[in-house]
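What follows is a single structure, written as structure tokens, with notes after it.
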2 protein chains.
Amino acid sequence: MATSALRIVRDVAALRAEISAWRKAGRSIGLVPTMGALHEGHLSLVRAAKQKCDRAIATLFVNPRQFAPHEDFDRYPRNEEQDAALLASAGCDLLYAPDRSVMYPEGFATNVIVSDVSTPLEGEFRPHFFGGVATVVTKLLLQALPDAAFFGEKDYQQLQVIKRMARDLDIPAEIVGCATVRESDGLAMSSRNAYLKPDERRIAARLNHVLHDAIKAAHQGEAIAAVEAEANRHLIAAGFSSVDYVAIRDAETLAIVANLSRPARILAAAWLGKTRLIDNMAV
Amino acid sequence: MATSALRIVRDVAALRAEISAWRKAGRSIGLVPTMGALHEGHLSLVRAAKQKCDRAIATLFVNPRQFAPHEDFDRYPRNEEQDAALLASAGCDLLYAPDRSVMYPEGFATNVIVSDVSTPLEGEFRPHFFGGVATVVTKLLLQALPDAAFFGEKDYQQLQVIKRMARDLDIPAEIVGCATVRESDGLAMSSRNAYLKPDERRIAARLNHVLHDAIKAAHQGEAIAAVEAEANRHLIAAGFSSVDYVAIRDAETLAIVANLSRPARILAAAWLGKTRLIDNMAV
């Protein structure tokens with residue numbers, strides 16, 4: 001792989017200096033926050049940023065505050081050199097890769113907490129997750145002050161939490177959600193797919209098919225609770241070790257819905273051995 | 001009183017349009033957040049903003065989220081017309097006076113929480129206070145994106161909370177603390193002084209003298225706990241109904257200190273009837 005020509009900055013002053021020069025030249029800025037271990041899903045966000053804005057900045061920071069102590073922070077895949085090369089190939093203009101002391105200096109004491117939309121589903125199974133996400137995304141948005149920031153619909157509830165937070169705090173950036181990118185068999189691309197053993201990888205592809213079938217059943221008028229219970233059974237039958245949730249919810253608030261009179265979303269989280277996969281689709 | 005020529009805006013779009021025009025002309029912006037009921041203390045912040053920045057914007061919003069249900073939100077003094085005239089006389093260039101639906105639209109769900117520095121003292125006696133303050137000040141700072149924002153040292157712990165929050169969230173504005181303005185007898189100016197009956201007003205002036213005496217005793221080597229206890233007794237003897245706290249603390253973190261080896265601050269909160277007064281001084 002050729003050496004990446006992508007410029008990398010590692011602190012807020014250097015990031016702001018690059019952006020300030022672009023601003024003076026009248027350029028608009030798109031931001032793509034990532035935790036690295038990049039795949040085609042991330043690169044599609046960079047391309048979306050370049051389509052909407054003159055310059056695209058990717059950020060790479062594996063945020064310790066959104067992992068619980070028992071979660072996979074230590075083994076989360078890291079390969080900055082390869083990530084930088086991929087970003088350059090997708091047209092990214094700058095990589096911002098701060099280390100922990102830049103993001104959380106000594107004495108750090110502030111948390112951004114979003115209630116309501118962050119409470120159910122992921123919020124129930126990963127209680128610290130959205131607090132960590134909302135805080136780090138607020139910081140990244142205020143460090144860069146982009147015109148727009150791009151997030152994948154793969155993390156659908158996270159996208160809704162970030163939209164709520166940005167609106168509530170008056171962060172002057174548009175939050176743009178981008179469609180989930182999938183493998184040819186339908187598996188949603190995820191950095192955590194790298195954990196899957198070959199037999200787990202085959203089962204993983206069933207997740208989005210089960211959600212498809214559930215959507216079909218819901219549209220045929222089956223009761224929502226029955227659809228959810230059936231999808232849960234199908235996942236276990238397909239070989240998933242356990243299911244955290246399969247749920248049809250309001251597409252904006254993630255609140256429980258009784259019917260499909262408003263836009264809804266089906267969301268799921270399920271385990272294959274030690275690997276937790278999530279997926280979601282418009283109902 | 002002559003009609004004020006001060007321009008008033010009431011929503012974020014109008015505020016940003018004014019600021020954007022100033023930015024294009026190369027002007028720097030200073031922000032002075034207030035809850036109205038303005039006195040010489042607030043006007044000194046406007047003058048400080050005008051000294052440091054080309055344009056000064058005052059905000060007027062009585063923030064319901066920093067009052068507990070039993071506190072004085074409903075009776076908090078409000079007089080926008082008089083406030084606008086005072087601001088104009090101090091050289092203020094714009095008043096931003098949003099109403100509640102602008103600041104907290106339906107579905108609002110985000111809170112900025114600062115731990116550590118917000119925990120003791122005011123945080124103990126007004127548990128919701130600093131969450132409300134940190135959230136509204138984050139919003140005001142992100143709505144206006146000023147170069148600097150000006151806060152009185154009268155609310156000293158609040159100033160430290162806001163500094164911590166702005167640093168932690170990478171809000172791109174300098175937080176400037178300005179000296180407390182006092183009446184001729186030493187009483188710190190406060191919108192809540194308007195609540196005091198004449199006999200209470202006479203007793204109120206003793207607060208800063210008791211703090212002065214405590215500082216003197218601390219410098220003479222008296223133990224900090226003894227100084228605090230003595231000041232507490234002196235306030236009650238002077239006629240205060242009760243004392244929430246008198247405490248000598250670290251000047252930045254508000255942590256308990258064993259001695260005066262680092263910069264320290266004495267802070268007090270005490271009641272006169274239904275009115276709660278606070279004051280503080282460098283030790």
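Chain lettering (A, B, ...) mirrors the order of the structure tokens, residue numbering begins at 1 for each chain separately, and ligand numbering begins at 1 in order of display.
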
Using only C-alpha atoms, tabulate the residues of chain A lying at most 12 Å from any atom of chain B, each with its closest atom pair and that distance in Å to one decimal, by chain and increasing residue number, as JSON lines.
```
{"residue": "A:Asp11", "atom": "CA", "partner": "B:Asp170", "partner_atom": "CA", "distance": 11.6}
{"residue": "A:Val12", "atom": "CA", "partner": "B:Asp170", "partner_atom": "CA", "distance": 8.6}
{"residue": "A:Ala13", "atom": "CA", "partner": "B:Asp170", "partner_atom": "CA", "distance": 10.9}
{"residue": "A:Arg16", "atom": "CA", "partner": "B:Pro172", "partner_atom": "CA", "distance": 10.1}
{"residue": "A:Lys24", "atom": "CA", "partner": "B:Lys24", "partner_atom": "CA", "distance": 11.1}
{"residue": "A:Ser101", "atom": "CA", "partner": "B:Asp168", "partner_atom": "CA", "distance": 11.7}
{"residue": "A:Val102", "atom": "CA", "partner": "B:Asp168", "partner_atom": "CA", "distance": 10.2}
{"residue": "A:Met103", "atom": "CA", "partner": "B:Asp168", "partner_atom": "CA", "distance": 8.3}
{"residue": "A:Tyr104", "atom": "CA", "partner": "B:Asp168", "partner_atom": "CA", "distance": 7.5}
{"residue": "A:Pro105", "atom": "CA", "partner": "B:Asp168", "partner_atom": "CA", "distance": 8.2}
{"residue": "A:Glu106", "atom": "CA", "partner": "B:Asp168", "partner_atom": "CA", "distance": 10.0}
{"residue": "A:Gly107", "atom": "CA", "partner": "B:Arg164", "partner_atom": "CA", "distance": 8.5}
{"residue": "A:Phe108", "atom": "CA", "partner": "B:Asp168", "partner_atom": "CA", "distance": 5.9}
{"residue": "A:Ala109", "atom": "CA", "partner": "B:Ser115", "partner_atom": "CA", "distance": 5.2}
{"residue": "A:Thr110", "atom": "CA", "partner": "B:Val114", "partner_atom": "CA", "distance": 4.3}
{"residue": "A:Asn111", "atom": "CA", "partner": "B:Ile113", "partner_atom": "CA", "distance": 5.2}
{"residue": "A:Val112", "atom": "CA", "partner": "B:Val112", "partner_atom": "CA", "distance": 4.6}
{"residue": "A:Ile113", "atom": "CA", "partner": "B:Asn111", "partner_atom": "CA", "distance": 5.2}
{"residue": "A:Val114", "atom": "CA", "partner": "B:Thr110", "partner_atom": "CA", "distance": 4.3}
{"residue": "A:Ser115", "atom": "CA", "partner": "B:Ala109", "partner_atom": "CA", "distance": 5.2}
{"residue": "A:Asp116", "atom": "CA", "partner": "B:Ala109", "partner_atom": "CA", "distance": 6.5}
{"residue": "A:Val117", "atom": "CA", "partner": "B:Ala109", "partner_atom": "CA", "distance": 8.2}
{"residue": "A:Ser118", "atom": "CA", "partner": "B:Ala109", "partner_atom": "CA", "distance": 9.5}
{"residue": "A:Thr119", "atom": "CA", "partner": "B:Ala109", "partner_atom": "CA", "distance": 10.9}
{"residue": "A:Phe130", "atom": "CA", "partner": "B:Thr110", "partner_atom": "CA", "distance": 11.5}
{"residue": "A:Gly131", "atom": "CA", "partner": "B:Asn111", "partner_atom": "CA", "distance": 10.3}
{"residue": "A:Ala134", "atom": "CA", "partner": "B:Thr110", "partner_atom": "CA", "distance": 9.4}
{"residue": "A:Thr135", "atom": "CA", "partner": "B:Leu169", "partner_atom": "CA", "distance": 7.7}
{"residue": "A:Val136", "atom": "CA", "partner": "B:Leu169", "partner_atom": "CA", "distance": 8.4}
{"residue": "A:Val137", "atom": "CA", "partner": "B:Leu169", "partner_atom": "CA", "distance": 9.6}
{"residue": "A:Thr138", "atom": "CA", "partner": "B:Leu169", "partner_atom": "CA", "distance": 6.7}
{"residue": "A:Lys139", "atom": "CA", "partner": "B:Leu169", "partner_atom": "CA", "distance": 5.0}
{"residue": "A:Leu140", "atom": "CA", "partner": "B:Asp170", "partner_atom": "CA", "distance": 8.3}
{"residue": "A:Leu141", "atom": "CA", "partner": "B:Asp170", "partner_atom": "CA", "distance": 9.0}
{"residue": "A:Leu142", "atom": "CA", "partner": "B:Asp170", "partner_atom": "CA", "distance": 5.8}
{"residue": "A:Gln143", "atom": "CA", "partner": "B:Asp170", "partner_atom": "CA", "distance": 5.8}
{"residue": "A:Ala144", "atom": "CA", "partner": "B:Asp170", "partner_atom": "CA", "distance": 9.5}
{"residue": "A:Leu145", "atom": "CA", "partner": "B:Pro172", "partner_atom": "CA", "distance": 9.2}
{"residue": "A:Gln160", "atom": "CA", "partner": "B:Ala109", "partner_atom": "CA", "distance": 11.8}
{"residue": "A:Val161", "atom": "CA", "partner": "B:Thr110", "partner_atom": "CA", "distance": 9.4}
{"residue": "A:Ile162", "atom": "CA", "partner": "B:Thr110", "partner_atom": "CA", "distance": 10.2}
{"residue": "A:Lys163", "atom": "CA", "partner": "B:Thr110", "partner_atom": "CA", "distance": 10.8}
{"residue": "A:Arg164", "atom": "CA", "partner": "B:Ala109", "partner_atom": "CA", "distance": 7.4}
{"residue": "A:Met165", "atom": "CA", "partner": "B:Thr110", "partner_atom": "CA", "distance": 5.9}
{"residue": "A:Ala166", "atom": "CA", "partner": "B:Thr110", "partner_atom": "CA", "distance": 9.1}
{"residue": "A:Arg167", "atom": "CA", "partner": "B:Phe108", "partner_atom": "CA", "distance": 8.5}
{"residue": "A:Asp168", "atom": "CA", "partner": "B:Phe108", "partner_atom": "CA", "distance": 5.9}
{"residue": "A:Leu169", "atom": "CA", "partner": "B:Lys139", "partner_atom": "CA", "distance": 5.0}
{"residue": "A:Asp170", "atom": "CA", "partner": "B:Leu142", "partner_atom": "CA", "distance": 5.8}
{"residue": "A:Ile171", "atom": "CA", "partner": "B:Leu142", "partner_atom": "CA", "distance": 5.9}
{"residue": "A:Pro172", "atom": "CA", "partner": "B:Leu142", "partner_atom": "CA", "distance": 7.2}
{"residue": "A:Ala173", "atom": "CA", "partner": "B:Leu142", "partner_atom": "CA", "distance": 10.6}
{"residue": "A:Glu252", "atom": "CA", "partner": "B:Gly107", "partner_atom": "CA", "distance": 10.9}
{"residue": "A:Thr253", "atom": "CA", "partner": "B:Gly107", "partner_atom": "CA", "distance": 9.1}
```

Give me the residues near stretch 223-228 of chain B as a PDB file with C-alpha atoms, in the first residue's frame, where near means some atom within 10 Å (using only C-alpha atoms) and where sequence neighbours in that chain fewer than 3 positions away do not count.
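Everything below was put into result_37.pdb:
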```pdb
ATOM      1  CA  LEU B 211     -15.751  37.435  55.658  1.00  0.00           C
ATOM      2  CA  ASP B 213     -12.532  39.371  59.558  1.00  0.00           C
ATOM      3  CA  ALA B 214     -12.354  35.638  58.816  1.00  0.00           C
ATOM      4  CA  ILE B 215      -9.667  36.194  56.173  1.00  0.00           C
ATOM      5  CA  LYS B 216      -7.674  38.232  58.679  1.00  0.00           C
ATOM      6  CA  ALA B 217      -7.926  35.452  61.273  1.00  0.00           C
ATOM      7  CA  ALA B 218      -6.887  32.806  58.729  1.00  0.00           C
ATOM      8  CA  HIS B 219      -3.811  34.853  57.789  1.00  0.00           C
ATOM      9  CA  GLN B 220      -2.954  35.172  61.468  1.00  0.00           C
ATOM     10  CA  ALA B 231     -17.600  33.366  61.031  1.00  0.00           C
ATOM     11  CA  ASN B 232     -20.763  31.276  61.207  1.00  0.00           C
ATOM     12  CA  ARG B 233     -21.350  32.439  64.803  1.00  0.00           C
ATOM     13  CA  HIS B 234     -20.688  36.074  63.857  1.00  0.00           C
ATOM     14  CA  TYR B 245     -22.192  27.600  54.811  1.00  0.00           C
ATOM     15  CA  VAL B 246     -19.116  29.705  55.442  1.00  0.00           C
ATOM     16  CA  ALA B 247     -16.119  27.898  53.982  1.00  0.00           C
ATOM     17  CA  ILE B 248     -12.523  28.505  52.966  1.00  0.00           C
ATOM     18  CA  ARG B 249     -11.859  26.426  49.852  1.00  0.00           C
ATOM     19  CA  ILE B 256     -11.546  21.523  51.190  1.00  0.00           C
ATOM     20  CA  VAL B 257      -8.121  22.914  52.087  1.00  0.00           C
ATOM     21  CA  ALA B 258      -6.057  22.214  55.165  1.00  0.00           C
ATOM     22  CA  ASN B 259      -4.014  25.425  54.928  1.00  0.00           C
ATOM     23  CA  LEU B 260      -3.375  28.454  52.734  1.00  0.00           C
ATOM     24  CA  ILE B 266     -13.844  32.211  51.387  1.00  0.00           C
ATOM     25  CA  LEU B 267     -17.469  31.681  50.373  1.00  0.00           C
ATOM     26  CA  ALA B 268     -20.695  32.082  52.296  1.00  0.00           C
TER      27      ALA B 268
END
```

Selection: 9 Å around B:Asn63, only C-alpha atoms, excl. self and same-chain fewer than 6 positions, as a short mmCIF file (atom, residue, chain, number, x, y, z; two decimals) with N, CA and C atoms, in the first residue's frame:
```cif
data_model
loop_
_atom_site.label_atom_id
_atom_site.label_comp_id
_atom_site.auth_asym_id
_atom_site.auth_seq_id
_atom_site.Cartn_x
_atom_site.Cartn_y
_atom_site.Cartn_z
N MET B 35 -29.83 37.23 34.03
CA MET B 35 -31.24 36.90 34.24
C MET B 35 -32.04 38.20 34.41
N PHE B 73 -38.35 31.37 41.48
CA PHE B 73 -38.49 31.62 40.04
C PHE B 73 -39.64 32.58 39.76
N ARG B 100 -38.99 31.08 26.81
CA ARG B 100 -38.77 29.70 27.23
C ARG B 100 -38.85 28.71 26.06
N MET B 103 -35.59 28.54 24.16
CA MET B 103 -34.49 27.89 24.88
C MET B 103 -34.77 26.40 25.11
N GLY B 132 -28.61 23.19 35.79
CA GLY B 132 -29.37 24.19 35.04
C GLY B 132 -28.50 25.29 34.47
N VAL B 133 -27.54 25.75 35.28
CA VAL B 133 -26.65 26.82 34.83
C VAL B 133 -25.75 26.33 33.69
N VAL B 136 -27.78 25.93 30.39
CA VAL B 136 -28.22 27.16 29.72
C VAL B 136 -27.03 27.97 29.23
#
```

Completion exercise
Residue with the minimum atom-to-atom distance to A:Leu121, picked from A:Ala25, A:Val181, A:Ala264, A:Ala269 with only C-alpha atoms counted, is A:Ala269

Exercise for the section: Going by DSSP on the backbone, which bits of stretch 56-258 of chain B are strand (DSSP E or B)? Write them as a PyMOL selection string, please. Expected result: chain B and resi 56-60+94-96+110-114+148-152+174-178+182+188+242-250+256

Tell me which protein, DNA and RNA residues are within 7 Å of A:Leu187, counting only C-alpha atoms, leaving out same-chain ones fewer than 4 positions away, and put them as a CSV table (one decimal) with C-alpha atoms, in the first residue's frame.
```
chain,number,residue,atom,x,y,z
A,182,ARG,CA,-23.8,-3.9,3.8
A,183,GLU,CA,-21.8,-6.8,2.7
A,204,ALA,CA,-24.4,-13.1,11.3
A,205,ALA,CA,-25.8,-12.6,7.8
A,208,ASN,CA,-30.8,-8.5,8.5
```

Handout entry: Contacts of B:Ser190 at 10 Å (only C-alpha atoms; same-chain gap of 6+ positions) as a PyMOL selection string
Key = chain B and resi 37-42+154-155+180-183+277-279

Atoms to include: C-alpha atoms. Write the selected residues as a JSON list (two decimals), in the first residue's frame.
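File produced: again_27.json:
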```
[["chain", "number", "residue", "atom", "x", "y", "z"],
["B", 37, "ALA", "CA", -33.08, 42.74, 37.10],
["B", 38, "LEU", "CA", -29.88, 44.48, 36.19],
["B", 39, "HIS", "CA", -27.70, 46.47, 38.57],
["B", 40, "GLU", "CA", -24.29, 48.07, 38.49],
["B", 41, "GLY", "CA", -22.65, 44.61, 38.74],
["B", 42, "HIS", "CA", -24.14, 43.55, 35.40],
["B", 154, "LYS", "CA", -20.20, 37.35, 42.93],
["B", 155, "ASP", "CA", -21.34, 33.88, 41.80],
["B", 180, "THR", "CA", -17.86, 41.78, 42.44],
["B", 181, "VAL", "CA", -19.38, 45.26, 42.51],
["B", 182, "ARG", "CA", -20.44, 46.39, 46.00],
["B", 183, "GLU", "CA", -22.66, 48.99, 47.58],
["B", 277, "LEU", "CA", -27.56, 36.01, 50.11],
["B", 278, "ILE", "CA", -24.17, 34.79, 48.92],
["B", 279, "ASP", "CA", -20.77, 36.43, 48.94]]
```

Practice task
Would you kindly return, as a PyMOL selection string, each protein, DNA or RNA residue with an atom no farther than 7 Å from any atom of stretch 80-94 of chain A, considering only C-alpha atoms and excluding same-chain residues fewer than 6 positions away?
Solution key: chain A and resi 4-8+36-38+43+46-47+55-58

Practice task
Fewer than 4 positions away in the same chain doesn't count, so skip those; otherwise give me all residues within 8 Å of A:His128, counting only C-alpha atoms, as a list of chain:residue names.
Solution key: A:Arg65, A:Gln66, A:Phe67, A:Ala68, A:Gly123, A:Gly132

Export N, CA and C atoms of the chosen residues as a PDB file, in the first residue's frame?
```
ATOM      1  N   ARG A  65     -14.732   6.463  27.220  1.00  0.00           N
ATOM      2  CA  ARG A  65     -15.926   6.762  28.021  1.00  0.00           C
ATOM      3  C   ARG A  65     -17.196   6.139  27.482  1.00  0.00           C
ATOM      4  N   GLN A  66     -17.158   5.529  26.304  1.00  0.00           N
ATOM      5  CA  GLN A  66     -18.388   4.874  25.840  1.00  0.00           C
ATOM      6  C   GLN A  66     -18.287   3.361  25.945  1.00  0.00           C
ATOM      7  N   PHE A  67     -17.240   2.869  26.601  1.00  0.00           N
ATOM      8  CA  PHE A  67     -17.104   1.437  26.885  1.00  0.00           C
ATOM      9  C   PHE A  67     -17.283   1.222  28.386  1.00  0.00           C
ATOM     10  N   ALA A  68     -18.038   0.225  28.764  1.00  0.00           N
ATOM     11  CA  ALA A  68     -18.080  -0.181  30.172  1.00  0.00           C
ATOM     12  C   ALA A  68     -16.817  -1.007  30.463  1.00  0.00           C
ATOM     13  N   GLY A 123     -29.468   1.918  25.479  1.00  0.00           N
ATOM     14  CA  GLY A 123     -29.331   2.583  26.774  1.00  0.00           C
ATOM     15  C   GLY A 123     -29.560   1.639  27.933  1.00  0.00           C
ATOM     16  N   GLY A 132     -21.256   8.662  27.150  1.00  0.00           N
ATOM     17  CA  GLY A 132     -19.916   8.738  26.562  1.00  0.00           C
ATOM     18  C   GLY A 132     -19.944   9.265  25.141  1.00  0.00           C
TER      19      GLY A 132
END
```

Practice task
Using DSSP on the backbone coordinates, identify all residues within stretch 59-243 of chain A classified as helix (DSSP H, G or I); present the result as a PyMOL selection string.
Solution key: chain A and resi 64-66+80-89+100-103+116-118+122-125+129-144+156-168+191-195+198-204+206-219+224-238

Fill in the blank from the handout: What separates atom CA of B:Val32 and atom CA of B:Leu45 is a distance of 6.6 Å

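For the pair atom CA of B:Ala282 and atom CA of B:Thr59, the separation is 27.9 Å.
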